[in-house]
file work.cif (mmCIF, C-alpha atoms)
data_query
#
loop_
_atom_site.label_atom_id
_atom_site.label_comp_id
_atom_site.auth_asym_id
_atom_site.auth_seq_id
_atom_site.Cartn_x
_atom_site.Cartn_y
_atom_site.Cartn_z
CA MET A 1 -94.95 -110.32 -88.35
CA ALA A 2 -92.47 -109.93 -85.49
CA SER A 3 -93.83 -109.00 -82.10
CA SER A 4 -92.57 -105.78 -80.24
CA PRO A 5 -90.05 -106.32 -77.42
CA ASP A 6 -91.37 -106.55 -73.87
CA THR A 7 -90.00 -103.38 -72.17
CA SER A 8 -91.71 -103.82 -68.85
CA LYS A 9 -89.05 -106.18 -67.49
CA THR A 10 -86.25 -103.87 -68.59
CA THR A 11 -87.86 -100.86 -66.91
CA LYS A 12 -88.37 -102.74 -63.67
CA LEU A 13 -84.75 -103.88 -63.69
CA GLU A 14 -83.49 -100.33 -64.17
CA ARG A 15 -85.69 -99.07 -61.33
CA TYR A 16 -84.40 -101.78 -59.05
CA ASN A 17 -80.76 -101.00 -59.87
CA SER A 18 -81.40 -97.31 -59.24
CA TYR A 19 -82.93 -98.16 -55.91
CA ILE A 20 -79.93 -100.28 -54.94
CA ARG A 21 -77.56 -97.44 -55.89
CA ARG A 22 -79.50 -94.97 -53.73
CA VAL A 23 -79.47 -97.34 -50.78
CA ASN A 24 -75.73 -97.89 -51.13
CA SER A 25 -75.08 -94.13 -51.44
CA THR A 26 -77.11 -93.47 -48.31
CA LYS A 27 -75.21 -96.15 -46.40
CA LEU A 28 -71.88 -94.73 -47.63
CA LEU A 29 -72.86 -91.19 -46.65
CA ALA A 30 -73.95 -92.35 -43.21
CA ALA A 31 -70.71 -94.26 -42.72
CA SER A 32 -68.66 -91.25 -43.87
CA SER A 33 -70.53 -88.96 -41.49
CA LYS A 34 -69.87 -91.28 -38.57
CA LEU A 35 -66.19 -91.50 -39.49
CA LEU A 36 -65.90 -87.72 -39.81
CA PHE A 37 -67.60 -87.24 -36.45
CA ARG A 38 -65.25 -89.69 -34.77
CA VAL A 39 -62.16 -88.10 -36.32
CA THR A 40 -63.33 -84.62 -35.26
CA LEU A 41 -63.99 -85.85 -31.72
CA LEU A 42 -60.56 -87.48 -31.57
CA VAL A 43 -58.82 -84.30 -32.77
CA ALA A 44 -60.75 -82.22 -30.23
CA LEU A 45 -59.74 -84.57 -27.41
CA ILE A 46 -56.10 -84.41 -28.51
CA LEU A 47 -56.18 -80.60 -28.56
CA ILE A 48 -57.80 -80.46 -25.12
CA PHE A 49 -55.17 -82.84 -23.79
CA PHE A 50 -52.36 -80.80 -25.38
CA PHE A 51 -53.42 -77.42 -24.05
CA THR A 52 -54.29 -78.81 -20.62
CA PHE A 53 -50.79 -80.10 -20.06
CA HIS A 54 -48.72 -77.65 -22.05
CA TYR A 55 -50.46 -74.36 -21.22
CA PRO A 56 -51.68 -74.59 -17.60
CA PRO A 57 -53.39 -71.55 -16.01
CA LEU A 58 -51.04 -69.15 -14.22
CA SER A 59 -52.74 -69.98 -10.92
CA ASP A 60 -51.80 -73.66 -11.22
CA ASN A 61 -48.59 -75.13 -9.91
CA PRO A 62 -46.22 -75.64 -12.87
CA ALA A 63 -44.38 -78.33 -10.96
CA ALA A 64 -47.54 -80.35 -10.35
CA SER A 65 -47.93 -81.48 -13.94
CA GLY A 66 -44.26 -82.31 -14.28
CA HIS A 67 -41.55 -80.15 -15.80
CA HIS A 68 -40.82 -82.87 -18.38
CA LEU A 69 -44.27 -82.35 -19.87
CA HIS A 70 -43.50 -78.68 -20.52
CA THR A 71 -40.19 -79.51 -22.11
CA THR A 72 -41.88 -81.37 -24.96
CA SER A 73 -43.86 -78.24 -25.86
CA HIS A 74 -40.86 -75.92 -26.22
CA LEU A 75 -40.43 -76.20 -29.97
CA LEU A 76 -44.06 -75.52 -30.85
CA SER A 77 -44.93 -72.86 -28.26
CA SER A 78 -41.71 -70.89 -28.68
CA ALA A 79 -42.55 -70.52 -32.35
CA PHE A 80 -45.29 -68.09 -31.33
CA TYR A 81 -42.69 -65.73 -29.84
CA GLY A 82 -39.97 -65.29 -32.38
CA GLY A 83 -38.59 -68.20 -34.33
CA GLY A 84 -39.01 -71.59 -32.73
CA ALA A 85 -35.90 -73.50 -31.82
CA GLN A 86 -33.55 -70.64 -32.70
CA TRP A 87 -35.50 -68.24 -30.46
CA GLU A 88 -35.34 -70.70 -27.58
CA LYS A 89 -31.63 -71.22 -28.15
CA GLU A 90 -31.03 -67.46 -27.88
CA VAL A 91 -33.05 -67.32 -24.66
CA ARG A 92 -31.03 -70.16 -23.09
CA ARG A 93 -27.67 -68.88 -24.25
CA SER A 94 -28.20 -65.33 -23.06
CA SER A 95 -29.48 -66.35 -19.62
CA THR A 96 -26.75 -68.90 -18.85
CA PRO A 97 -24.12 -67.59 -16.37
CA ARG A 98 -20.45 -67.88 -17.25
CA ARG A 99 -19.03 -67.68 -13.74
CA ALA A 100 -19.19 -70.22 -10.95
CA ASN A 101 -22.34 -69.73 -8.87
CA GLY A 102 -23.39 -66.96 -11.21
CA PHE A 103 -26.96 -65.68 -11.33
CA SER A 104 -29.49 -66.06 -14.11
CA VAL A 105 -31.31 -62.71 -14.21
CA LEU A 106 -34.41 -61.65 -16.10
CA VAL A 107 -34.07 -57.88 -16.65
CA THR A 108 -37.37 -56.27 -17.59
CA GLY A 109 -37.07 -52.94 -19.38
CA ALA A 110 -33.66 -54.03 -20.68
CA GLY A 111 -33.97 -51.65 -23.64
CA GLY A 112 -34.40 -48.74 -21.27
CA PHE A 113 -31.82 -46.44 -19.71
CA VAL A 114 -31.18 -48.14 -16.35
CA GLY A 115 -31.99 -51.59 -17.75
CA THR A 116 -29.29 -51.38 -20.41
CA HIS A 117 -26.57 -50.32 -17.98
CA CYS A 118 -27.52 -52.96 -15.39
CA SER A 119 -27.65 -55.68 -18.05
CA LEU A 120 -24.15 -54.82 -19.22
CA ALA A 121 -22.79 -54.78 -15.66
CA LEU A 122 -24.33 -58.15 -14.81
CA LYS A 123 -23.06 -59.72 -18.04
CA LYS A 124 -19.58 -58.25 -17.58
CA ARG A 125 -19.14 -60.03 -14.25
CA GLY A 126 -20.33 -63.36 -15.67
CA ASP A 127 -24.02 -63.53 -14.82
CA GLY A 128 -26.60 -64.76 -17.32
CA VAL A 129 -28.88 -61.97 -18.51
CA LEU A 130 -32.10 -62.18 -20.50
CA GLY A 131 -33.85 -58.94 -21.36
CA LEU A 132 -37.55 -58.24 -21.83
CA ASP A 133 -38.85 -55.03 -23.43
CA ASN A 134 -41.87 -53.93 -25.44
CA PHE A 135 -40.01 -51.02 -27.11
CA ASN A 136 -42.96 -48.65 -26.73
CA THR A 137 -43.01 -45.17 -28.24
CA TYR A 138 -43.09 -43.09 -25.04
CA TYR A 139 -39.81 -41.66 -26.32
CA ASP A 140 -37.79 -42.20 -29.49
CA PRO A 141 -37.72 -45.99 -30.09
CA SER A 142 -34.57 -45.65 -32.20
CA LEU A 143 -32.61 -44.89 -29.02
CA LYS A 144 -33.96 -48.09 -27.46
CA ARG A 145 -33.04 -50.02 -30.59
CA ALA A 146 -29.52 -48.60 -30.44
CA ARG A 147 -29.24 -49.82 -26.85
CA GLN A 148 -30.54 -53.21 -27.97
CA LYS A 149 -27.86 -53.35 -30.65
CA MET A 150 -25.20 -52.56 -28.06
CA LEU A 151 -26.48 -55.30 -25.76
CA LYS A 152 -26.48 -57.78 -28.63
CA GLN A 153 -22.80 -57.04 -29.19
CA HIS A 154 -22.28 -58.21 -25.60
CA GLU A 155 -24.34 -61.38 -26.20
CA ILE A 156 -27.41 -60.14 -24.34
CA PHE A 157 -30.68 -61.12 -25.97
CA ILE A 158 -33.84 -59.06 -25.49
CA VAL A 159 -37.19 -60.80 -25.87
CA GLU A 160 -39.70 -58.40 -27.40
CA GLY A 161 -42.84 -58.68 -25.35
CA ASP A 162 -45.09 -57.06 -22.80
CA LEU A 163 -45.38 -57.59 -19.06
CA ASN A 164 -49.09 -58.22 -19.48
CA ASP A 165 -48.45 -61.22 -21.74
CA GLY A 166 -48.71 -63.87 -19.04
CA GLU A 167 -48.28 -66.74 -21.47
CA LEU A 168 -44.97 -65.33 -22.69
CA LEU A 169 -43.69 -64.80 -19.15
CA ALA A 170 -44.69 -68.34 -18.18
CA LYS A 171 -42.91 -69.64 -21.26
CA LEU A 172 -39.68 -67.84 -20.31
CA PHE A 173 -39.78 -69.29 -16.80
CA ASP A 174 -40.46 -72.70 -18.31
CA ILE A 175 -37.27 -72.45 -20.35
CA VAL A 176 -35.03 -70.76 -17.76
CA PRO A 177 -34.86 -71.30 -13.97
CA PHE A 178 -34.16 -67.62 -13.18
CA THR A 179 -32.50 -66.96 -9.83
CA HIS A 180 -33.37 -63.25 -9.91
CA ILE A 181 -35.66 -60.75 -11.57
CA LEU A 182 -34.41 -57.18 -11.94
CA HIS A 183 -37.70 -55.48 -12.73
CA LEU A 184 -36.99 -52.08 -14.30
CA ALA A 185 -39.79 -51.95 -16.88
CA ALA A 186 -42.32 -49.20 -16.16
CA GLN A 187 -44.22 -46.32 -17.65
CA ALA A 188 -41.98 -43.47 -16.55
CA GLY A 189 -42.47 -39.72 -16.40
CA VAL A 190 -44.49 -37.56 -14.03
CA ARG A 191 -46.11 -35.18 -16.54
CA TYR A 192 -47.11 -37.73 -19.17
CA ALA A 193 -49.53 -39.26 -16.65
CA MET A 194 -51.85 -36.32 -17.26
CA GLU A 195 -52.02 -37.25 -20.96
CA ASN A 196 -52.17 -41.04 -20.78
CA PRO A 197 -53.07 -42.22 -17.28
CA GLN A 198 -54.12 -45.71 -18.37
CA SER A 199 -50.59 -46.53 -19.54
CA TYR A 200 -49.36 -46.14 -15.95
CA VAL A 201 -51.99 -48.45 -14.55
CA SER A 202 -51.37 -51.02 -17.29
CA SER A 203 -47.59 -51.12 -16.89
CA ASN A 204 -46.81 -50.14 -13.29
CA ILE A 205 -49.67 -51.99 -11.60
CA ALA A 206 -51.19 -54.64 -13.89
CA GLY A 207 -47.83 -55.51 -15.45
CA PHE A 208 -46.15 -55.78 -12.04
CA VAL A 209 -48.92 -58.03 -10.72
CA ASN A 210 -48.65 -60.23 -13.79
CA LEU A 211 -44.90 -60.62 -13.25
CA LEU A 212 -45.40 -61.48 -9.58
CA GLU A 213 -48.08 -64.02 -10.48
CA VAL A 214 -45.66 -65.89 -12.70
CA ALA A 215 -42.81 -65.56 -10.20
CA LYS A 216 -44.87 -66.96 -7.31
CA ASN A 217 -45.57 -70.15 -9.30
CA ALA A 218 -42.01 -70.61 -10.53
CA ASP A 219 -39.90 -73.44 -9.17
CA PRO A 220 -37.57 -72.21 -7.86
CA GLN A 221 -39.10 -68.84 -7.04
CA PRO A 222 -36.69 -66.04 -8.02
CA ALA A 223 -35.64 -63.19 -5.75
CA ILE A 224 -37.01 -59.89 -7.07
CA VAL A 225 -35.36 -56.46 -7.12
CA TRP A 226 -37.51 -53.75 -8.66
CA ALA A 227 -37.49 -50.03 -9.37
CA SER A 228 -39.78 -47.96 -7.20
CA SER A 229 -39.19 -44.19 -7.23
CA SER A 230 -38.30 -41.23 -5.05
CA SER A 231 -41.63 -39.84 -6.28
CA VAL A 232 -43.39 -41.90 -3.62
CA TYR A 233 -42.33 -39.27 -1.04
CA GLY A 234 -44.75 -36.88 -2.75
CA LEU A 235 -45.64 -33.95 -0.52
CA ASN A 236 -43.32 -35.06 2.27
CA THR A 237 -41.48 -32.03 3.73
CA GLU A 238 -38.95 -33.82 5.94
CA ASN A 239 -35.38 -33.73 4.60
CA PRO A 240 -33.40 -35.66 3.65
CA PHE A 241 -35.95 -38.25 2.54
CA SER A 242 -35.67 -41.41 4.61
CA GLU A 243 -37.30 -44.80 4.08
CA SER A 244 -39.14 -44.31 7.38
CA HIS A 245 -40.86 -41.11 6.20
CA ARG A 246 -44.50 -41.13 5.16
CA THR A 247 -45.30 -41.97 1.55
CA ASP A 248 -49.08 -41.67 1.60
CA GLN A 249 -49.30 -38.28 -0.12
CA PRO A 250 -48.38 -38.86 -3.79
CA ALA A 251 -48.28 -35.72 -5.93
CA SER A 252 -48.74 -37.50 -9.28
CA LEU A 253 -50.36 -40.59 -10.74
CA TYR A 254 -46.90 -41.93 -11.53
CA ALA A 255 -46.00 -41.67 -7.84
CA ALA A 256 -49.30 -43.29 -6.85
CA THR A 257 -48.65 -46.30 -9.11
CA LYS A 258 -45.17 -46.74 -7.65
CA LYS A 259 -46.55 -46.52 -4.12
CA ALA A 260 -49.18 -49.07 -5.12
CA GLY A 261 -46.34 -51.27 -6.37
CA GLU A 262 -44.71 -51.17 -2.93
CA GLU A 263 -47.96 -52.25 -1.28
CA ILE A 264 -48.47 -55.00 -3.86
CA ALA A 265 -44.91 -56.21 -3.22
CA HIS A 266 -45.70 -56.43 0.50
CA THR A 267 -48.78 -58.55 -0.27
CA TYR A 268 -46.94 -61.07 -2.47
CA ASN A 269 -44.12 -61.28 0.03
CA HIS A 270 -46.57 -61.93 2.89
CA ILE A 271 -48.78 -64.48 1.12
CA TYR A 272 -46.42 -66.28 -1.26
CA GLY A 273 -42.95 -65.94 0.27
CA LEU A 274 -41.39 -63.91 -2.54
CA SER A 275 -38.15 -62.15 -1.62
CA ILE A 276 -38.67 -58.57 -2.84
CA THR A 277 -36.47 -55.47 -2.71
CA GLY A 278 -37.73 -52.08 -3.88
CA LEU A 279 -35.30 -49.34 -4.94
CA ARG A 280 -36.35 -45.69 -4.84
CA PHE A 281 -34.29 -44.01 -7.57
CA PHE A 282 -33.52 -40.28 -7.33
CA THR A 283 -33.34 -38.49 -10.73
CA VAL A 284 -30.99 -40.79 -12.64
CA TYR A 285 -28.91 -39.25 -15.45
CA GLY A 286 -25.99 -40.15 -17.69
CA PRO A 287 -25.01 -41.56 -21.11
CA TRP A 288 -27.78 -43.38 -23.01
CA GLY A 289 -30.31 -41.54 -20.84
CA ARG A 290 -33.96 -40.71 -21.38
CA PRO A 291 -34.83 -37.84 -23.75
CA ASP A 292 -37.76 -36.79 -21.55
CA MET A 293 -35.43 -35.83 -18.68
CA ALA A 294 -34.52 -32.16 -18.17
CA TYR A 295 -30.74 -32.54 -18.50
CA PHE A 296 -31.28 -34.34 -21.84
CA PHE A 297 -33.70 -31.94 -23.51
CA PHE A 298 -31.88 -28.93 -22.03
CA THR A 299 -28.75 -30.11 -23.83
CA LYS A 300 -30.68 -30.54 -27.08
CA ASP A 301 -32.39 -27.14 -26.86
CA ILE A 302 -29.28 -25.23 -25.83
CA LEU A 303 -27.34 -26.62 -28.81
CA GLN A 304 -30.25 -25.74 -31.13
CA GLY A 305 -30.52 -22.22 -29.75
CA LYS A 306 -33.99 -22.78 -28.32
CA ALA A 307 -35.20 -21.26 -25.07
CA ILE A 308 -35.50 -23.49 -22.00
CA ASN A 309 -37.91 -23.13 -19.09
CA ILE A 310 -36.48 -23.09 -15.59
CA TYR A 311 -39.05 -23.58 -12.88
CA GLN A 312 -39.38 -21.77 -9.59
CA THR A 313 -41.75 -22.65 -6.77
CA HIS A 314 -44.75 -20.43 -6.13
CA ASP A 315 -42.89 -18.88 -3.19
CA ASN A 316 -39.96 -18.01 -5.51
CA LYS A 317 -37.60 -20.78 -4.40
CA GLU A 318 -35.39 -22.66 -6.83
CA VAL A 319 -36.29 -26.20 -7.77
CA ALA A 320 -33.61 -28.72 -6.78
CA ARG A 321 -33.02 -32.40 -7.46
CA ASP A 322 -30.78 -35.10 -6.02
CA PHE A 323 -29.26 -35.94 -9.43
CA THR A 324 -27.74 -39.45 -9.33
CA PHE A 325 -25.28 -40.69 -11.95
CA ILE A 326 -26.12 -43.95 -13.70
CA ASP A 327 -22.93 -45.75 -12.62
CA ASP A 328 -23.82 -45.18 -8.95
CA ILE A 329 -27.35 -46.46 -9.55
CA VAL A 330 -25.99 -49.60 -11.23
CA LYS A 331 -23.76 -50.29 -8.23
CA GLY A 332 -26.79 -49.96 -6.00
CA CYS A 333 -28.87 -52.31 -8.15
CA LEU A 334 -26.17 -54.97 -8.19
CA GLY A 335 -25.65 -54.55 -4.45
CA ALA A 336 -29.35 -55.20 -3.90
CA VAL A 337 -29.25 -58.24 -6.20
CA ASP A 338 -26.20 -59.67 -4.43
CA THR A 339 -27.73 -59.33 -0.96
CA ALA A 340 -31.22 -60.51 -1.90
CA GLU A 341 -32.14 -63.65 0.00
CA LYS A 342 -33.88 -66.57 -1.64
CA SER A 343 -37.65 -66.62 -1.84
CA THR A 344 -39.25 -69.09 0.54
CA GLY A 345 -42.31 -70.23 -1.38
CA LYS A 346 -42.83 -73.22 -3.62
CA GLY A 347 -45.70 -74.02 -5.92
CA GLY A 348 -47.38 -70.75 -5.04
CA LYS A 349 -47.31 -71.52 -1.30
CA LYS A 350 -45.24 -69.74 1.33
CA ARG A 351 -42.96 -72.01 3.37
CA GLY A 352 -41.50 -69.39 5.71
CA PRO A 353 -40.83 -65.64 6.23
CA ALA A 354 -39.22 -63.96 3.22
CA GLN A 355 -37.07 -60.88 2.87
CA LEU A 356 -38.84 -57.56 2.15
CA ARG A 357 -36.76 -54.39 1.73
CA VAL A 358 -36.98 -50.82 0.43
CA TYR A 359 -33.97 -48.55 -0.17
CA ASN A 360 -33.22 -45.03 -1.35
CA LEU A 361 -30.63 -44.81 -4.13
CA GLY A 362 -29.62 -41.18 -4.54
CA ASN A 363 -26.58 -38.93 -4.58
CA THR A 364 -27.26 -37.17 -1.23
CA SER A 365 -26.36 -33.76 -2.72
CA PRO A 366 -29.31 -31.80 -4.17
CA VAL A 367 -28.44 -29.32 -6.91
CA THR A 368 -30.68 -26.55 -8.22
CA VAL A 369 -31.87 -26.70 -11.81
CA GLY A 370 -30.20 -23.32 -12.35
CA LYS A 371 -26.85 -24.84 -11.38
CA LEU A 372 -27.50 -27.77 -13.73
CA VAL A 373 -28.01 -25.33 -16.60
CA SER A 374 -24.83 -23.41 -15.70
CA ILE A 375 -22.80 -26.63 -15.86
CA LEU A 376 -24.30 -27.50 -19.25
CA GLU A 377 -23.56 -23.99 -20.56
CA SER A 378 -19.93 -24.43 -19.59
CA LEU A 379 -19.62 -27.92 -21.10
CA LEU A 380 -21.44 -26.98 -24.33
CA ASN A 381 -19.74 -23.59 -24.56
CA VAL A 382 -23.12 -22.08 -25.38
CA LYS A 383 -25.15 -19.54 -23.43
CA ALA A 384 -28.65 -20.81 -22.75
CA LYS A 385 -31.76 -18.76 -23.46
CA LYS A 386 -33.59 -19.07 -20.15
CA HIS A 387 -37.19 -18.42 -19.22
CA VAL A 388 -37.77 -18.53 -15.47
CA ILE A 389 -41.39 -19.47 -14.79
CA LYS A 390 -43.54 -20.76 -11.95
CA MET A 391 -43.75 -24.52 -11.60
CA PRO A 392 -47.02 -25.79 -13.08
CA ARG A 393 -49.23 -28.05 -11.02
CA ASN A 394 -48.46 -31.17 -13.02
CA GLY A 395 -47.25 -33.52 -10.32
CA ASP A 396 -43.65 -32.38 -10.05
CA VAL A 397 -42.26 -31.74 -6.57
CA PRO A 398 -39.92 -28.83 -5.81
CA TYR A 399 -37.15 -30.65 -3.95
CA THR A 400 -35.66 -34.12 -3.47
CA HIS A 401 -32.84 -35.21 -1.17
CA ALA A 402 -31.94 -38.83 -0.43
CA ASN A 403 -30.77 -40.33 2.81
CA VAL A 404 -28.92 -43.48 1.69
CA SER A 405 -27.56 -44.66 5.04
CA LEU A 406 -29.71 -47.81 4.98
CA ALA A 407 -28.37 -48.89 1.57
CA TYR A 408 -24.84 -48.06 2.70
CA ASN A 409 -25.20 -50.20 5.83
CA ASP A 410 -26.78 -53.18 4.06
CA PHE A 411 -24.76 -53.41 0.83
CA GLY A 412 -22.17 -50.63 0.85
CA TYR A 413 -23.95 -48.20 -1.46
CA LYS A 414 -21.88 -45.03 -1.71
CA PRO A 415 -22.35 -42.61 -4.63
CA THR A 416 -19.10 -41.11 -5.90
CA THR A 417 -20.01 -39.03 -8.97
CA ASP A 418 -20.73 -35.30 -8.62
CA LEU A 419 -23.01 -33.55 -11.10
CA SER A 420 -20.22 -31.79 -13.03
CA THR A 421 -18.35 -35.05 -13.62
CA GLY A 422 -21.48 -36.95 -14.57
CA LEU A 423 -22.74 -34.28 -16.98
CA ARG A 424 -19.35 -34.15 -18.67
CA LYS A 425 -19.65 -37.87 -19.41
CA PHE A 426 -23.22 -37.42 -20.62
CA VAL A 427 -22.35 -34.53 -22.96
CA LYS A 428 -19.42 -36.49 -24.39
CA TRP A 429 -21.78 -39.37 -25.19
CA TYR A 430 -24.50 -37.04 -26.51
CA VAL A 431 -22.37 -35.27 -29.13
CA SER A 432 -20.85 -38.59 -30.21
CA TYR A 433 -24.18 -40.42 -30.49
CA TYR A 434 -25.89 -37.63 -32.42
CA GLY A 435 -22.81 -36.82 -34.51
CA ILE A 436 -22.59 -33.20 -33.40
CA GLN A 437 -19.42 -31.33 -34.30
CA SER A 438 -19.45 -28.12 -32.32
CA ARG A 439 -17.74 -26.04 -29.74
CA VAL A 440 -18.53 -28.64 -27.07
CA LYS A 441 -15.70 -29.09 -24.60
CA GLY A 442 -14.18 -32.55 -24.70
CA SER A 443 -16.32 -33.66 -27.63
CA ASN A 444 -13.32 -35.44 -29.15
CA PRO A 445 -13.95 -39.15 -28.42
CA SER A 446 -10.30 -39.58 -27.51
CA ALA A 447 -10.49 -36.79 -24.94
#
call {"tool": "encode", "arguments": {"input": "work.cif", "output": "structure tokens"}}
result
Amino acid sequence: MASSPDTSKTTKLERYNSYIRRVNSTKLLAASSKLLFRVTLLVALILIFFFTFHYPPLSDNPAASGHHLHTTSHLLSSAFYGGGAQWEKEVRRSSTPRRANGFSVLVTGAGGFVGTHCSLALKKRGDGVLGLDNFNTYYDPSLKRARQKMLKQHEIFIVEGDLNDGELLAKLFDIVPFTHILHLAAQAGVRYAMENPQSYVSSNIAGFVNLLEVAKNADPQPAIVWASSSSVYGLNTENPFSESHRTDQPASLYAATKKAGEEIAHTYNHIYGLSITGLRFFTVYGPWGRPDMAYFFFTKDILQGKAINIYQTHDNKEVARDFTFIDDIVKGCLGAVDTAEKSTGKGGKKRGPAQLRVYNLGNTSPVTVGKLVSILESLLNVKAKKHVIKMPRNGDVPYTHANVSLAYNDFGYKPTTDLSTGLRKFVKWYVSYYGIQSRVKGSNPSA
């Protein structure tokens, strides 16, 4: 009789092999974990190194870490802002001057009324122009997009971005050594400040500071020309308004933010050596203008047969404005740019006294709102339905009148367009842009 097989040895062998497999698996898992940890640590160190050298804080000196280090990051970082290499190519091309000793100008608010006209004038004479605009919805964005399209036809590129995006601003200065900034971006409008006050603080104060922060660290530092406002004169009763008059009684939040901007400009000039020129615009009007301005919505309402409100002061005086045509404002802006001295700082440190200026840019001939309406009635060949009412207490002032002798003496500013001539040009543009066929005088584009 055969004996039964001895299974004890087989069982022991299987247990031993199982043990060996578990030991090997544990060793493999431990080795894998160590490898994964080391790879993760290496990747983390690489990322820290990358962001330390390619995205320095705004308070650091960009020149300190070497401009060549930033150059290697262009392709990757520009991809965040609109299309990588092609986006960067557009930025460079648009900002490169075409005339000898031409300027390279960053125009903020380039999709706006004054920004569009100034961009075209700078480009026409051979300067490099790069626009920046956030295309907000304060008024019809389609009008801003139409301006953008017009600028594109003249090879002017607008970067879509916000003043409060410090990383974007730093990126633009990394790509382009701007000689000048023409800072026209702002939250405009006196009455809207009662509805959305935070937008004025965000744009006119925080945005301005952000721009100055980037400019102070740029190498070279650009000269800055920026739009203040005649609103800073507030409750001032001296006429005509002169730059030496008091501006410590703002009548609106908009005016207060512009006055704050002038004080902030003084601070950055004093500490960091930035060359800064502020321009106090007086009621700018003309083709491609802002729909929130009286001349614009009066034209719209008159053509549509709607009633318009004409304000009087509480002592029954007519409201008057120093209406200034856009072409005259553009000449003033370019005159300020051309006479702006170089900033004196480097690496965020002042090396010597820097230029600090403020100028009125107006027409010097106040016209009542009633006279404005009469001119529009004549040009539109339509009688307006007028409601004469008391001026509400919404921040508007009853009267503005510019003394421009300082701008005339320093860069030859001399307005030449009277209100009738300027409104005729505006109405001609208005009926053409909106495709209105009516009884409007001179509405024929060939007229």
call {"tool": "closest_atom_pairs", "arguments": {"input": "work.cif", "of": "region 147-240 of chain A", "to": "region 266-274 of chain A", "cutoff": "10 Å", "atoms": "only C-alpha atoms", "output": "JSON lines"}}
result
{"residue": "A:Val209", "atom": "CA", "partner": "A:Tyr268", "partner_atom": "CA", "distance": 9.0}
{"residue": "A:Leu212", "atom": "CA", "partner": "A:Tyr268", "partner_atom": "CA", "distance": 7.3}
{"residue": "A:Glu213", "atom": "CA", "partner": "A:Tyr268", "partner_atom": "CA", "distance": 8.6}
{"residue": "A:Ala215", "atom": "CA", "partner": "A:Leu274", "partner_atom": "CA", "distance": 8.0}
{"residue": "A:Lys216", "atom": "CA", "partner": "A:Tyr272", "partner_atom": "CA", "distance": 6.3}
{"residue": "A:Asn217", "atom": "CA", "partner": "A:Tyr272", "partner_atom": "CA", "distance": 9.0}
{"residue": "A:Gln221", "atom": "CA", "partner": "A:Leu274", "partner_atom": "CA", "distance": 7.1}
{"residue": "A:Pro222", "atom": "CA", "partner": "A:Leu274", "partner_atom": "CA", "distance": 7.5}
{"residue": "A:Ala223", "atom": "CA", "partner": "A:Leu274", "partner_atom": "CA", "distance": 6.6}
{"residue": "A:Ile224", "atom": "CA", "partner": "A:Leu274", "partner_atom": "CA", "distance": 7.5}
call {"tool": "closest_residue", "arguments": {"input": "work.cif", "among": "A:Leu379, A:Leu253, A:Val107, A:Val114", "to": "Val159 (chain A)", "atoms": "all atoms listed in the file"}}
result
A:Val107
call {"tool": "residues_around", "arguments": {"input": "work.cif", "residues": "Ser95 (chain A)", "least_positions_apart": "5", "cutoff": "9 Å", "atoms": "all atoms listed in the file", "output": "list of chain:residue names"}}
result
A:Glu90, A:Phe103, A:Ser104, A:Val105, A:Leu106, A:Asp127, A:Gly128, A:Val129, A:Leu130, A:Gly131, A:Ile156, A:Phe157, A:Val176, A:Phe178
call {"tool": "write_last_selection", "arguments": {"input": "work.cif", "atoms": "C-alpha atoms", "output": "PDB file, keeping the file's coordinate frame"}}
result
ATOM      1  CA  GLU A  90     -31.030 -67.460 -27.880  1.00  0.00           C
ATOM      2  CA  PHE A 103     -26.960 -65.680 -11.330  1.00  0.00           C
ATOM      3  CA  SER A 104     -29.490 -66.060 -14.110  1.00  0.00           C
ATOM      4  CA  VAL A 105     -31.310 -62.710 -14.210  1.00  0.00           C
ATOM      5  CA  LEU A 106     -34.410 -61.650 -16.100  1.00  0.00           C
ATOM      6  CA  ASP A 127     -24.020 -63.530 -14.820  1.00  0.00           C
ATOM      7  CA  GLY A 128     -26.600 -64.760 -17.320  1.00  0.00           C
ATOM      8  CA  VAL A 129     -28.880 -61.970 -18.510  1.00  0.00           C
ATOM      9  CA  LEU A 130     -32.100 -62.180 -20.500  1.00  0.00           C
ATOM     10  CA  GLY A 131     -33.850 -58.940 -21.360  1.00  0.00           C
ATOM     11  CA  ILE A 156     -27.410 -60.140 -24.340  1.00  0.00           C
ATOM     12  CA  PHE A 157     -30.680 -61.120 -25.970  1.00  0.00           C
ATOM     13  CA  VAL A 176     -35.030 -70.760 -17.760  1.00  0.00           C
ATOM     14  CA  PHE A 178     -34.160 -67.620 -13.180  1.00  0.00           C
TER      15      PHE A 178
END
call {"tool": "resolve_selection", "arguments": {"input": "work.cif", "expression": "the PyMOL selection byres ((chain A and resi 366) around 7)", "output": "number ranges by chain"}}
result
A: 320-323, 364-365, 367-368, 400-401
call {"tool": "closest_residue", "arguments": {"input": "work.cif", "among": "A:Ala384, A:Ser94, A:Gly84, A:His117", "to": "Ala307 (chain A)", "atoms": "all atoms listed in the file"}}
result
A:Ala384
call {"tool": "atom_distance", "arguments": {"input": "work.cif", "atom1": "CA of Arg98 (chain A)", "atom2": "CA of Thr116 (chain A)"}}
result
19.0 Å
call {"tool": "resolve_selection", "arguments": {"input": "work.cif", "expression": "the PyMOL selection byres ((chain A and resi 410) around 10)", "output": "MDAnalysis selection string"}}
result
chainID A and resid 335:336 339 359 405:409 411:413
call {"tool": "closest_residue", "arguments": {"input": "work.cif", "among": "A:Leu361, A:Leu163, A:Ile175, A:Val319", "to": "Tyr399 (chain A)", "atoms": "only C-alpha atoms"}}
result
A:Val319
